[in-house]
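All remarks here apply to the structure that follows.
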Amino acid sequence: MIEIAGVSKVFDNGTVALEGISATIAAGEFLALLGPSGCGKSTLLRLLAGLETPTAGAITWAQGRPKAGEIGFVFQDATLLPWASALENVALPLKLLGRPRAPAREAAAAALAQVGLSEFLTAKPAALSGGMKMRVSIARALVAKPKILLMDEPFAALDEFTRQSLQEDLRNLWRRTGLTVVFVTHSTYEAAFLASRVLVMSPRPGKIAADFASTVTGEADRRDAPSYTAFVAEMSRRLRGVMPAREVLA
Amino acid sequence: MNRLLERIAPVGFGVAVLAAWQCAVWATGTPKYVVPGPWDIVTAYAASSGELNAALLSTLTVTFAALAAAAFLGVVLAVAMAASVLLRAAIQPWAVALQVTPLVAIAPLIILWVNQAFAALVICATIISFFPILANTAAGLAQTPAALLDLFKLNGASRWQTLLLLRLPSAVPNFLTGLRISGTLALVGAVVAEFVAGSGGFASGLAYRILEAGYRLEIPKMFAAMVLLALAGVAIYAALGGLEYLVLRRRER
Amino acid sequence: MNRLVRIATALAACVLAAPAARAADKVTFGLDWVAEPEYGGYYQALATGIYKKYGLDVSIVEGGPQVNNAELLVAGKLTFDITSNSFLALNFVQQQIPFVAVMAGFQKDPDILMAHPGVGTDDFAELKGKPIAVSDDTRASWWLYLKAKYGYSDSQLKPYGFSLAPFFTDPTDVQEAYVTSEPYLVQQQTGKKPVVMMISDAGFDGYASLVATSEKLVTTDPDLVKRFVEASILGWYSFLYGDPSPAFAAILKANPDMTPGLLHYGYNALKTRGIVDSGDARRLGIGAMTDARWQKFFDQMAATGLYDKSMDYQAGYTLQFVDQGFGKPKQ
């Protein structure tokens with residue numbers, strides 16, 4: 001679906017965020033970008049979204065560059081408009097695309113139902129918990145029926161219980177819809193639970209250190225499966241290999 | 001009980017100060033044409049209430065006209081400066097220069113050029129009061145969360161859509177803060193302009209009444225006009241603060 | 001011989017001792033405008049040492065736009081000040097403020113309205129309904145008289161910026177001025193003489209440039225007041241009939257915006273129009289005031305409704321320091 005070829009990104013201040021990234025993203029897969037901070041995973045995501053352009057190399061889409069509204073993006077912070085209701089926030093992409101009002105509101109209501117927030121259509125963000133705001137953000141990313149969903153550490157700021165609950169809902173959503181998802185995370189547990197494929201990245205400059213399919217099996221009680229624990233251990237091993245050597249305190 | 005005490009504390013303090021003032025005036029035998037006591041001021045107000053109220057209305061009209069003009073000018077310039085780095089570089093130094101130029105120096109020139117008393121006073125008051133609105137709104141526009149800007153970009157929003165649906169609504173709290181500051185500045189501007197340029201033709205405002213009472217040695221009346229002015233300033237500040245509170249509350253509930 | 005020597009020594013001792021016997025009284029004197037020839041007498045008294053001879057250490061405090069020396073006077077910060085006209089002097093009575101006029105600097109009020117010739121604004125009656133620019137303190141004094149007499153209204157008022165610029169740019173401009181100064185400046189700038197309407201011709205016939213002080217000073221130290229009045233009268237006498245150059249130098253120093261041309265014009269206008277020394281001053285000396293003329297002024301103002309007829313106007317002035325033939329002008 002997407003071909004990333006020899007992509008590098010150097011920022012204006014001289015930081016080399018990514019160097020020589022090459023990979024192919026297949027339609028329908030759940031791809032996790034896993035790595036420590038500074039490895040350029042968020043930058044890679046932004047390049048895919050078209051929010052930045054590569055300094056070298058190219059990103060090619062098999063079916064042509066996505067048009068407005070065909071990429072759904074979920075940020076680390078829910079970033080909702082504080083003065084608008086949940087329904088209005090979710091309907092925003094459709095409004096920007098110029099869709100008529102009534103169908104847009106219906107689609108927004110449906111998206112909110114998909115994330116389990118039908119009771120909160122008129123609530124404003126101040127009245128919602130962190131987890132609920134994130135669900136609204138996800139609904140907003142899905143409302144325009146995007147071709148791909150890009151997520152930048154969306155659950156990092158939430159507590160453990162909310163995070164696990166949202167991870168389950170996200171995985172179920174993916175299995176139901178078959179949407180292509182690229183998910184940035186620094187958590188091996190999260191990558192193990194959600195992804196069908198993992199790219200491990202190393203920092204400074206950002207490079208791909210490892211690329212392998214998930215070996216986790218089972219859906220029900222996924223976190224208790226032995227394959228889950230084994231996969232977590234495997235990724236942790238790979239991650240330790242790419243972490244910068246720690247200085248011993250003298 | 002404590003909340004009640006908090007509420008009446010300023011009133012209680014005010015009453016105590018007034019009582020002390022009146023006693024001081026009595027005790028020292030200060031004549032009322034030097035320093036009038038609160039009672040003299042009240043009676044002077046009562047004797048000329050029609051005239052002073054009309055003057056207050058006149059000054060307030062200039063103030064609110066100037067505030068509206070300042071709000072419009074401040075927002076338009078802030079949007080222009082946020083839209084283009086070139087415009088920002090071009091406008092910023094002039095806005096600051098205009099702000100620091102003393103009104104007493106330029107007011108007579110403005111009166112001369114404009115030749116219509118009300119318009120000239122409004123222009124003077126607008127010059128003094130537009131900058132806080134400009135600066136605060138510009139700051140608000142600049143603080144639009146980058147993630148939301150990205151979101152709008154991803155969904156193909158036009159520049160107008162981004163301005164009207166994201167940047168401006170996002171800057172509303174900052175704008176309201178600027179408005180609150182500018183409210184009292186507009187009042188000061190209206191009064192200074194009238195003092196410096198004199199008023200005529202258009203109904204006289206409080207500044208003129210203060211001067212006139214001074215020339216006629218009607219000192220208690222002069223103080224009464226000044227008290228009215230002070231009360232007007234407090235009321236404007238409170239009203240704009242209340243507006244800010246109501247708007248922000250409605251926004252996020 | 002010894003007796004003569006002793007008398008001579010005693011006399012010499014007296015003469016030498018006398019000046020050292022008392023220090024000069026400090027006096028502050030507020031003007032109602034910036035230094036100009038219209039205060040020539042006072043500056044002459046200062047510059048030629050007349051005040052000093054009378055045992056007075058006088059500091060002159062200039063007025064100016066937006067400056068209200070009357071407030072300083074009643075607050076006790078000035079010993080004397082110039083009250084612009086009889087109308088303002090009666091404010092003291094109206095507001096029950098214990099201050100009085102002690103001498104009249106001008107027998108004629110030099111205030112005028114100045115207009116352009118040939119545009120239908122040639123006399124007071126024609127000005128009804130037309131825009132007129134007067135200062136804030138005029139609005140509190142003779143404007144009220146003109147309003148009452150000619151039916152003007154406040155809606156005609158234009159802001160007065162103490163500047164001739166509007167007069168030069170707008171041919172319909174009418175503004176207040178002094179007959180001793182602005183007409184000169186207009187003629188200098190445009191080559192044409194402006195229309196001059198003297199308010200004394202309109203019947204506003206009170207004194208102008210009066211010297212006022214507190215009743216308290218008059219009662220507790222009348223000698224000080226007398227010395228100040230007499231020294232001032234002598235200053236005017238010297239200024240008008242002697243050599244005015246010391247006063248000119250002092251005025252030019254105090255007011256850098258003054259020009260020698262304007263100074264001389266004002267000086268000549270004061271003399272030719274008899275502003276200081278005409279009428280009762282010819283008999284009674286410079287600074288003269290009479291009960292008769294005060295009464296006539298009060299009756300005129302009361303007739304137009306500006307004063308209550310029962311007001312005790314005589315409380316606003318005292319004749320005890322003038323009218324003694326001191327400083328009678330040369331005939």
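A note on labels: chains of the structure tokens are A, B, ... as shown, every chain counts residues from 1, and ligands are counted from 1 in their shown order.
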Counting only C-alpha atoms, which residues from chain B have an atom at most 12 Å from any atom of chain C, and could you show them as a short mmCIF file (atom, residue, chain, number, x, y, z; two decimals) with all heavy atoms, in the first residue's frame?
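Heads up, here's the output in selection10.cif:
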data_model
loop_
_atom_site.label_atom_id
_atom_site.label_comp_id
_atom_site.auth_asym_id
_atom_site.auth_seq_id
_atom_site.Cartn_x
_atom_site.Cartn_y
_atom_site.Cartn_z
N THR B 30 -10.73 72.12 57.49
CA THR B 30 -10.34 72.40 56.10
C THR B 30 -11.55 72.91 55.33
O THR B 30 -12.60 72.28 55.34
CB THR B 30 -9.85 71.10 55.43
OG1 THR B 30 -8.94 70.45 56.30
CG2 THR B 30 -9.18 71.39 54.11
N PRO B 31 -11.40 74.06 54.67
CA PRO B 31 -12.55 74.59 53.93
C PRO B 31 -12.87 73.70 52.74
O PRO B 31 -11.98 73.03 52.20
CB PRO B 31 -12.07 75.98 53.47
CG PRO B 31 -10.61 75.97 53.59
CD PRO B 31 -10.21 74.93 54.57
N LYS B 32 -14.15 73.70 52.34
CA LYS B 32 -14.54 72.76 51.31
C LYS B 32 -14.04 73.15 49.92
O LYS B 32 -14.15 72.37 48.99
CB LYS B 32 -16.06 72.57 51.28
CG LYS B 32 -16.83 73.77 50.83
CD LYS B 32 -18.32 73.44 50.79
CE LYS B 32 -19.08 74.63 50.29
NZ LYS B 32 -20.50 74.53 50.51
N TYR B 33 -13.48 74.37 49.80
CA TYR B 33 -12.92 74.69 48.49
C TYR B 33 -11.46 74.27 48.39
O TYR B 33 -10.83 74.48 47.37
CB TYR B 33 -13.07 76.18 48.17
CG TYR B 33 -12.55 77.10 49.25
CD1 TYR B 33 -11.22 77.44 49.32
CD2 TYR B 33 -13.43 77.61 50.19
CE1 TYR B 33 -10.76 78.28 50.32
CE2 TYR B 33 -12.96 78.45 51.19
CZ TYR B 33 -11.64 78.77 51.25
OH TYR B 33 -11.18 79.59 52.23
N VAL B 34 -10.94 73.66 49.46
CA VAL B 34 -9.59 73.10 49.39
C VAL B 34 -9.71 71.57 49.32
O VAL B 34 -9.32 70.97 48.35
CB VAL B 34 -8.73 73.54 50.59
CG1 VAL B 34 -7.38 72.89 50.54
CG2 VAL B 34 -8.59 75.05 50.59
N VAL B 35 -10.26 70.97 50.38
CA VAL B 35 -10.56 69.53 50.33
C VAL B 35 -11.96 69.32 50.87
O VAL B 35 -12.19 69.48 52.06
CB VAL B 35 -9.57 68.69 51.17
CG1 VAL B 35 -9.97 67.22 51.11
CG2 VAL B 35 -8.14 68.86 50.67
N PRO B 36 -12.91 68.99 50.01
CA PRO B 36 -14.26 68.75 50.53
C PRO B 36 -14.37 67.39 51.19
O PRO B 36 -13.68 66.46 50.81
CB PRO B 36 -15.12 68.81 49.25
CG PRO B 36 -14.20 68.51 48.15
CD PRO B 36 -12.81 68.86 48.56
N ALA B 44 -22.99 68.21 46.59
CA ALA B 44 -22.66 68.85 45.31
C ALA B 44 -23.19 68.01 44.15
O ALA B 44 -23.70 68.54 43.16
CB ALA B 44 -21.16 69.04 45.19
N VAL B 104 -1.27 63.35 25.10
CA VAL B 104 -1.35 64.81 25.25
C VAL B 104 -0.67 65.52 24.10
O VAL B 104 -1.01 66.67 23.79
CB VAL B 104 -0.72 65.27 26.60
CG1 VAL B 104 -1.59 64.85 27.75
CG2 VAL B 104 0.68 64.75 26.75
N ALA B 105 0.29 64.85 23.47
CA ALA B 105 0.99 65.49 22.37
C ALA B 105 0.19 65.40 21.08
O ALA B 105 0.15 66.35 20.30
CB ALA B 105 2.36 64.84 22.18
N ILE B 106 -0.42 64.23 20.81
CA ILE B 106 -1.07 64.08 19.51
C ILE B 106 -2.54 64.46 19.51
O ILE B 106 -3.12 64.71 18.45
CB ILE B 106 -0.92 62.65 18.95
CG1 ILE B 106 -1.37 61.61 19.96
CG2 ILE B 106 0.50 62.39 18.55
CD1 ILE B 106 -1.24 60.20 19.43
N ALA B 107 -3.17 64.52 20.68
CA ALA B 107 -4.60 64.83 20.70
C ALA B 107 -4.92 66.17 20.02
O ALA B 107 -5.85 66.24 19.21
CB ALA B 107 -5.14 64.80 22.13
N PRO B 108 -4.18 67.24 20.32
CA PRO B 108 -4.53 68.51 19.65
C PRO B 108 -4.41 68.40 18.13
O PRO B 108 -5.20 69.00 17.40
CB PRO B 108 -3.49 69.49 20.20
CG PRO B 108 -3.02 68.91 21.46
CD PRO B 108 -3.10 67.43 21.29
N LEU B 109 -3.44 67.63 17.65
CA LEU B 109 -3.27 67.48 16.20
C LEU B 109 -4.47 66.75 15.60
O LEU B 109 -4.97 67.12 14.54
CB LEU B 109 -2.00 66.69 15.89
CG LEU B 109 -0.69 67.36 16.32
CD1 LEU B 109 0.47 66.43 16.09
CD2 LEU B 109 -0.50 68.65 15.54
N ILE B 110 -4.92 65.71 16.32
CA ILE B 110 -6.05 64.93 15.82
C ILE B 110 -7.29 65.80 15.76
O ILE B 110 -8.05 65.77 14.78
CB ILE B 110 -6.28 63.69 16.69
CG1 ILE B 110 -5.09 62.75 16.53
CG2 ILE B 110 -7.57 63.00 16.32
CD1 ILE B 110 -5.12 61.57 17.45
N ILE B 111 -7.49 66.61 16.81
CA ILE B 111 -8.65 67.50 16.82
C ILE B 111 -8.60 68.41 15.60
O ILE B 111 -9.62 68.68 14.96
CB ILE B 111 -8.66 68.37 18.09
CG1 ILE B 111 -8.82 67.50 19.33
CG2 ILE B 111 -9.73 69.43 18.00
CD1 ILE B 111 -10.23 67.20 19.69
N LEU B 112 -7.43 68.88 15.30
CA LEU B 112 -7.26 69.81 14.17
C LEU B 112 -7.61 69.13 12.86
O LEU B 112 -8.34 69.67 12.03
CB LEU B 112 -5.79 70.24 14.14
CG LEU B 112 -5.50 71.59 13.51
CD1 LEU B 112 -6.23 72.67 14.26
CD2 LEU B 112 -4.01 71.84 13.55
N TRP B 113 -7.09 67.92 12.65
CA TRP B 113 -7.29 67.23 11.38
C TRP B 113 -8.73 66.76 11.21
O TRP B 113 -9.30 66.85 10.13
CB TRP B 113 -6.37 66.01 11.27
CG TRP B 113 -4.93 66.34 11.11
CD1 TRP B 113 -4.41 67.46 10.55
CD2 TRP B 113 -3.83 65.54 11.54
NE1 TRP B 113 -3.03 67.40 10.59
CE2 TRP B 113 -2.66 66.24 11.18
CE3 TRP B 113 -3.72 64.30 12.17
CZ2 TRP B 113 -1.39 65.72 11.46
CZ3 TRP B 113 -2.46 63.81 12.43
CH2 TRP B 113 -1.30 64.52 12.07
N VAL B 114 -9.29 66.22 12.27
CA VAL B 114 -10.57 65.55 12.12
C VAL B 114 -11.73 66.54 12.12
O VAL B 114 -12.72 66.35 11.44
CB VAL B 114 -10.77 64.50 13.25
CG1 VAL B 114 -12.16 63.93 13.20
CG2 VAL B 114 -9.73 63.43 13.11
N ASN B 115 -11.61 67.60 12.89
CA ASN B 115 -12.58 68.70 12.82
C ASN B 115 -14.01 68.32 13.24
O ASN B 115 -14.93 69.07 13.01
CB ASN B 115 -12.62 69.28 11.39
CG ASN B 115 -13.04 70.73 11.42
OD1 ASN B 115 -12.80 71.43 12.39
ND2 ASN B 115 -13.70 71.17 10.37
N GLN B 116 -14.19 67.16 13.84
CA GLN B 116 -15.51 66.79 14.35
C GLN B 116 -15.26 66.24 15.75
O GLN B 116 -14.58 65.24 15.91
CB GLN B 116 -16.13 65.74 13.43
CG GLN B 116 -17.64 65.65 13.49
CD GLN B 116 -18.15 64.83 14.65
OE1 GLN B 116 -17.50 63.91 15.12
NE2 GLN B 116 -19.31 65.19 15.13
N ALA B 117 -15.85 66.91 16.76
CA ALA B 117 -15.41 66.66 18.14
C ALA B 117 -15.57 65.21 18.56
O ALA B 117 -14.63 64.60 19.10
CB ALA B 117 -16.18 67.57 19.09
N PHE B 118 -16.73 64.60 18.33
CA PHE B 118 -16.97 63.24 18.79
C PHE B 118 -15.98 62.27 18.14
O PHE B 118 -15.34 61.46 18.81
CB PHE B 118 -18.41 62.82 18.49
CG PHE B 118 -18.74 61.43 18.92
CD1 PHE B 118 -18.80 61.08 20.25
CD2 PHE B 118 -18.96 60.43 17.97
CE1 PHE B 118 -19.09 59.78 20.66
CE2 PHE B 118 -19.26 59.13 18.37
CZ PHE B 118 -19.33 58.80 19.71
N ALA B 120 -13.10 62.88 16.86
CA ALA B 120 -11.73 63.10 17.32
C ALA B 120 -11.50 62.47 18.68
O ALA B 120 -10.48 61.82 18.91
CB ALA B 120 -11.45 64.60 17.37
N LEU B 121 -12.45 62.63 19.59
CA LEU B 121 -12.31 62.03 20.92
C LEU B 121 -12.26 60.51 20.81
O LEU B 121 -11.45 59.85 21.48
CB LEU B 121 -13.48 62.44 21.82
CG LEU B 121 -13.51 63.91 22.24
CD1 LEU B 121 -14.75 64.18 23.08
CD2 LEU B 121 -12.28 64.28 23.03
N VAL B 192 -8.65 61.99 28.95
CA VAL B 192 -7.44 62.75 28.62
C VAL B 192 -7.65 63.55 27.35
O VAL B 192 -7.29 64.72 27.27
CB VAL B 192 -6.23 61.80 28.44
CG1 VAL B 192 -5.04 62.54 27.86
CG2 VAL B 192 -5.86 61.20 29.77
N ALA B 193 -8.26 62.91 26.35
CA ALA B 193 -8.48 63.61 25.08
C ALA B 193 -9.32 64.85 25.31
O ALA B 193 -9.05 65.91 24.77
CB ALA B 193 -9.15 62.67 24.09
N GLU B 194 -10.36 64.70 26.15
CA GLU B 194 -11.23 65.83 26.38
C GLU B 194 -10.52 66.93 27.15
O GLU B 194 -10.68 68.11 26.88
CB GLU B 194 -12.46 65.36 27.15
CG GLU B 194 -13.64 66.23 26.92
CD GLU B 194 -14.88 65.70 27.62
OE1 GLU B 194 -15.55 64.87 26.99
OE2 GLU B 194 -15.13 66.10 28.76
N PHE B 195 -9.70 66.53 28.13
CA PHE B 195 -8.92 67.50 28.90
C PHE B 195 -8.01 68.30 27.98
O PHE B 195 -7.95 69.51 28.04
CB PHE B 195 -8.03 66.76 29.91
CG PHE B 195 -8.50 66.86 31.31
CD1 PHE B 195 -9.14 65.79 31.91
CD2 PHE B 195 -8.29 68.00 32.04
CE1 PHE B 195 -9.58 65.89 33.21
CE2 PHE B 195 -8.71 68.09 33.36
CZ PHE B 195 -9.37 67.03 33.95
N VAL B 196 -7.27 67.57 27.16
CA VAL B 196 -6.25 68.21 26.36
C VAL B 196 -6.84 69.02 25.22
O VAL B 196 -6.40 70.11 24.93
CB VAL B 196 -5.32 67.13 25.77
CG1 VAL B 196 -4.42 67.72 24.71
CG2 VAL B 196 -4.50 66.52 26.87
N ALA B 197 -7.86 68.46 24.59
CA ALA B 197 -8.33 69.11 23.38
C ALA B 197 -9.50 70.02 23.64
O ALA B 197 -9.92 70.74 22.76
CB ALA B 197 -8.71 68.05 22.37
N GLY B 198 -10.05 69.97 24.80
CA GLY B 198 -11.25 70.75 25.06
C GLY B 198 -12.40 70.13 24.30
O GLY B 198 -12.20 69.49 23.28
N SER B 199 -13.58 70.29 24.77
CA SER B 199 -14.70 69.75 23.99
C SER B 199 -15.65 70.88 23.68
O SER B 199 -15.68 71.88 24.36
CB SER B 199 -15.40 68.65 24.75
OG SER B 199 -16.12 69.19 25.82
N GLY B 200 -16.36 70.73 22.66
CA GLY B 200 -17.29 71.78 22.30
C GLY B 200 -18.19 71.22 21.23
O GLY B 200 -17.80 70.34 20.50
N GLY B 201 -19.38 71.73 21.10
CA GLY B 201 -20.25 71.17 20.08
C GLY B 201 -20.92 69.95 20.65
O GLY B 201 -22.04 70.00 21.10
N PHE B 202 -20.22 68.83 20.61
CA PHE B 202 -20.75 67.62 21.20
C PHE B 202 -20.91 67.82 22.71
O PHE B 202 -20.11 68.48 23.33
CB PHE B 202 -19.79 66.47 20.91
CG PHE B 202 -20.24 65.15 21.43
CD1 PHE B 202 -21.33 64.52 20.88
CD2 PHE B 202 -19.59 64.55 22.47
CE1 PHE B 202 -21.76 63.31 21.35
CE2 PHE B 202 -20.02 63.33 22.96
CZ PHE B 202 -21.09 62.71 22.41
N ALA B 203 -21.96 67.25 23.29
CA ALA B 203 -22.24 67.46 24.72
C ALA B 203 -21.00 67.18 25.55
O ALA B 203 -20.29 66.24 25.31
CB ALA B 203 -23.38 66.55 25.15
N SER B 204 -20.76 68.02 26.52
CA SER B 204 -19.53 67.93 27.30
C SER B 204 -19.50 66.69 28.17
O SER B 204 -20.49 66.31 28.75
CB SER B 204 -19.41 69.15 28.19
OG SER B 204 -19.76 70.29 27.46
N ALA B 207 -14.77 65.10 31.85
CA ALA B 207 -13.49 65.80 31.90
C ALA B 207 -13.72 67.30 31.83
O ALA B 207 -13.14 68.08 32.60
CB ALA B 207 -12.60 65.37 30.75
N TYR B 208 -14.60 67.71 30.91
CA TYR B 208 -14.87 69.12 30.81
C TYR B 208 -15.50 69.65 32.08
O TYR B 208 -15.16 70.75 32.56
CB TYR B 208 -15.74 69.46 29.59
CG TYR B 208 -16.07 70.91 29.64
CD1 TYR B 208 -15.06 71.84 29.44
CD2 TYR B 208 -17.30 71.35 30.07
CE1 TYR B 208 -15.29 73.18 29.60
CE2 TYR B 208 -17.54 72.70 30.23
CZ TYR B 208 -16.53 73.62 30.00
OH TYR B 208 -16.74 74.95 30.18
N ARG B 209 -16.44 68.90 32.65
CA ARG B 209 -17.10 69.36 33.88
C ARG B 209 -16.09 69.52 35.01
O ARG B 209 -16.20 70.45 35.82
CB ARG B 209 -18.19 68.37 34.32
CG ARG B 209 -19.38 68.34 33.41
CD ARG B 209 -20.22 69.58 33.52
NE ARG B 209 -21.19 69.62 32.43
CZ ARG B 209 -21.58 70.73 31.83
NH1 ARG B 209 -21.12 71.89 32.20
NH2 ARG B 209 -22.46 70.67 30.84
N ILE B 210 -15.09 68.64 35.05
CA ILE B 210 -14.07 68.76 36.10
C ILE B 210 -13.30 70.06 35.91
O ILE B 210 -13.08 70.82 36.86
CB ILE B 210 -13.11 67.55 36.05
CG1 ILE B 210 -13.85 66.29 36.49
CG2 ILE B 210 -11.89 67.78 36.93
CD1 ILE B 210 -13.06 65.01 36.31
N LEU B 211 -12.88 70.33 34.67
CA LEU B 211 -12.15 71.56 34.38
C LEU B 211 -12.99 72.79 34.68
O LEU B 211 -12.53 73.74 35.31
CB LEU B 211 -11.78 71.60 32.90
CG LEU B 211 -10.44 71.01 32.50
CD1 LEU B 211 -10.29 71.14 31.00
CD2 LEU B 211 -9.31 71.70 33.21
N GLU B 212 -14.24 72.75 34.20
CA GLU B 212 -15.12 73.90 34.36
C GLU B 212 -15.34 74.20 35.83
O GLU B 212 -15.27 75.35 36.27
CB GLU B 212 -16.46 73.59 33.68
CG GLU B 212 -17.48 74.68 33.84
CD GLU B 212 -18.86 74.19 33.42
OE1 GLU B 212 -19.34 73.19 33.98
OE2 GLU B 212 -19.44 74.82 32.53
N ALA B 213 -15.62 73.15 36.62
CA ALA B 213 -15.84 73.35 38.04
C ALA B 213 -14.58 73.94 38.69
O ALA B 213 -14.66 74.80 39.56
CB ALA B 213 -16.21 72.03 38.71
N GLY B 214 -13.41 73.49 38.21
CA GLY B 214 -12.16 74.03 38.74
C GLY B 214 -12.03 75.50 38.46
O GLY B 214 -11.66 76.29 39.32
N TYR B 215 -12.33 75.90 37.22
CA TYR B 215 -12.23 77.32 36.86
C TYR B 215 -13.21 78.16 37.63
O TYR B 215 -12.97 79.33 37.94
CB TYR B 215 -12.44 77.52 35.36
CG TYR B 215 -11.23 77.12 34.55
CD1 TYR B 215 -11.32 76.16 33.57
CD2 TYR B 215 -9.99 77.71 34.80
CE1 TYR B 215 -10.21 75.79 32.84
CE2 TYR B 215 -8.88 77.33 34.07
CZ TYR B 215 -9.00 76.38 33.10
OH TYR B 215 -7.90 76.01 32.39
N ARG B 216 -14.36 77.58 37.93
CA ARG B 216 -15.36 78.35 38.67
C ARG B 216 -15.20 78.19 40.17
O ARG B 216 -16.04 78.64 40.94
CB ARG B 216 -16.76 77.88 38.27
CG ARG B 216 -17.03 78.12 36.81
CD ARG B 216 -18.42 78.61 36.64
NE ARG B 216 -19.08 77.90 35.55
CZ ARG B 216 -20.32 78.07 35.22
NH1 ARG B 216 -21.08 78.89 35.90
NH2 ARG B 216 -20.83 77.40 34.22
N LEU B 217 -14.11 77.50 40.57
CA LEU B 217 -13.82 77.28 41.99
C LEU B 217 -14.95 76.55 42.70
O LEU B 217 -15.16 76.71 43.90
CB LEU B 217 -13.53 78.62 42.69
CG LEU B 217 -12.33 79.36 42.08
CD1 LEU B 217 -12.15 80.73 42.70
CD2 LEU B 217 -11.05 78.55 42.25
N GLU B 218 -15.68 75.71 41.94
CA GLU B 218 -16.73 74.88 42.55
C GLU B 218 -16.08 73.54 42.89
O GLU B 218 -16.32 72.53 42.23
CB GLU B 218 -17.88 74.66 41.58
CG GLU B 218 -18.62 75.97 41.25
CD GLU B 218 -19.57 75.79 40.08
OE1 GLU B 218 -19.18 75.15 39.08
OE2 GLU B 218 -20.69 76.29 40.17
N ILE B 219 -15.24 73.58 43.93
CA ILE B 219 -14.40 72.41 44.22
C ILE B 219 -15.18 71.15 44.60
O ILE B 219 -14.86 70.07 44.12
CB ILE B 219 -13.34 72.77 45.30
CG1 ILE B 219 -12.58 74.02 44.89
CG2 ILE B 219 -12.39 71.62 45.53
CD1 ILE B 219 -11.80 73.91 43.60
N PRO B 220 -16.21 71.23 45.45
CA PRO B 220 -16.94 70.00 45.77
C PRO B 220 -17.55 69.37 44.51
O PRO B 220 -17.55 68.14 44.38
CB PRO B 220 -18.04 70.47 46.75
CG PRO B 220 -17.51 71.71 47.35
CD PRO B 220 -16.70 72.38 46.28
N LYS B 221 -18.02 70.21 43.59
CA LYS B 221 -18.60 69.66 42.35
C LYS B 221 -17.51 68.97 41.52
O LYS B 221 -17.73 67.92 40.92
CB LYS B 221 -19.23 70.80 41.55
CG LYS B 221 -19.94 70.36 40.28
CD LYS B 221 -20.70 71.52 39.70
CE LYS B 221 -21.10 71.23 38.27
NZ LYS B 221 -21.58 72.42 37.59
N MET B 222 -16.31 69.58 41.55
CA MET B 222 -15.19 68.99 40.82
C MET B 222 -14.90 67.60 41.36
O MET B 222 -14.71 66.63 40.62
CB MET B 222 -13.97 69.90 41.00
CG MET B 222 -12.81 69.58 40.14
SD MET B 222 -11.53 70.83 40.32
CE MET B 222 -10.48 70.07 41.49
#
(request) Determine, counting only C-alpha atoms, which protein, DNA and RNA residues have an atom within 9 Å of an atom of region 84-96 of chain B; residues of the same chain fewer than 5 positions away are not included. Present the result as a ChimeraX atom specification. (result) /B:77-79,101,131,134
Using only C-alpha atoms, I'd like a table of the residues in chain A that come within 6 Å of chain B; for each, show the closest atom pair and its distance in Å rounded to one decimal, ordered by chain and ascending number, as JSON lines.
{"residue": "A:Ala68", "atom": "CA", "partner": "B:Asn155", "partner_atom": "CA", "distance": 4.7}
{"residue": "A:Gly69", "atom": "CA", "partner": "B:Asn155", "partner_atom": "CA", "distance": 4.6}
{"residue": "A:Trp83", "atom": "CA", "partner": "B:Arg251", "partner_atom": "CA", "distance": 4.8}
{"residue": "A:Pro93", "atom": "CA", "partner": "B:Asn155", "partner_atom": "CA", "distance": 5.8}
{"residue": "A:Leu96", "atom": "CA", "partner": "B:Ala157", "partner_atom": "CA", "distance": 5.4}
Restricting the output to C-alpha atoms, write the selected residues as a tab-separated table (two decimals), in the first residue's frame.
chain	number	residue	atom	x	y	z
A	68	ALA	CA	-7.96	15.37	2.30
A	69	GLY	CA	-9.82	13.30	4.84
A	83	TRP	CA	-15.79	24.96	22.96
A	93	PRO	CA	-13.44	16.65	9.49
A	96	LEU	CA	-13.97	20.90	6.71
(message) Set the distance at 7 Å and use only C-alpha atoms: which residues neighbour region 193-203 of chain A once local chain neighbours fewer than 2 positions away are removed? I'd like the list as a ChimeraX atom specification.
(response) /A:29-35,38-40,167,171,189-191,205-214,242-243
(message) Show me, as an MDAnalysis selection string, the residues that have an atom within 10 Å of Gly285 (chain C) when counting only C-alpha atoms, minus same-chain residues fewer than 2 positions from it.
(response) chainID C and resid 233 237 276:283 287:289 322:329
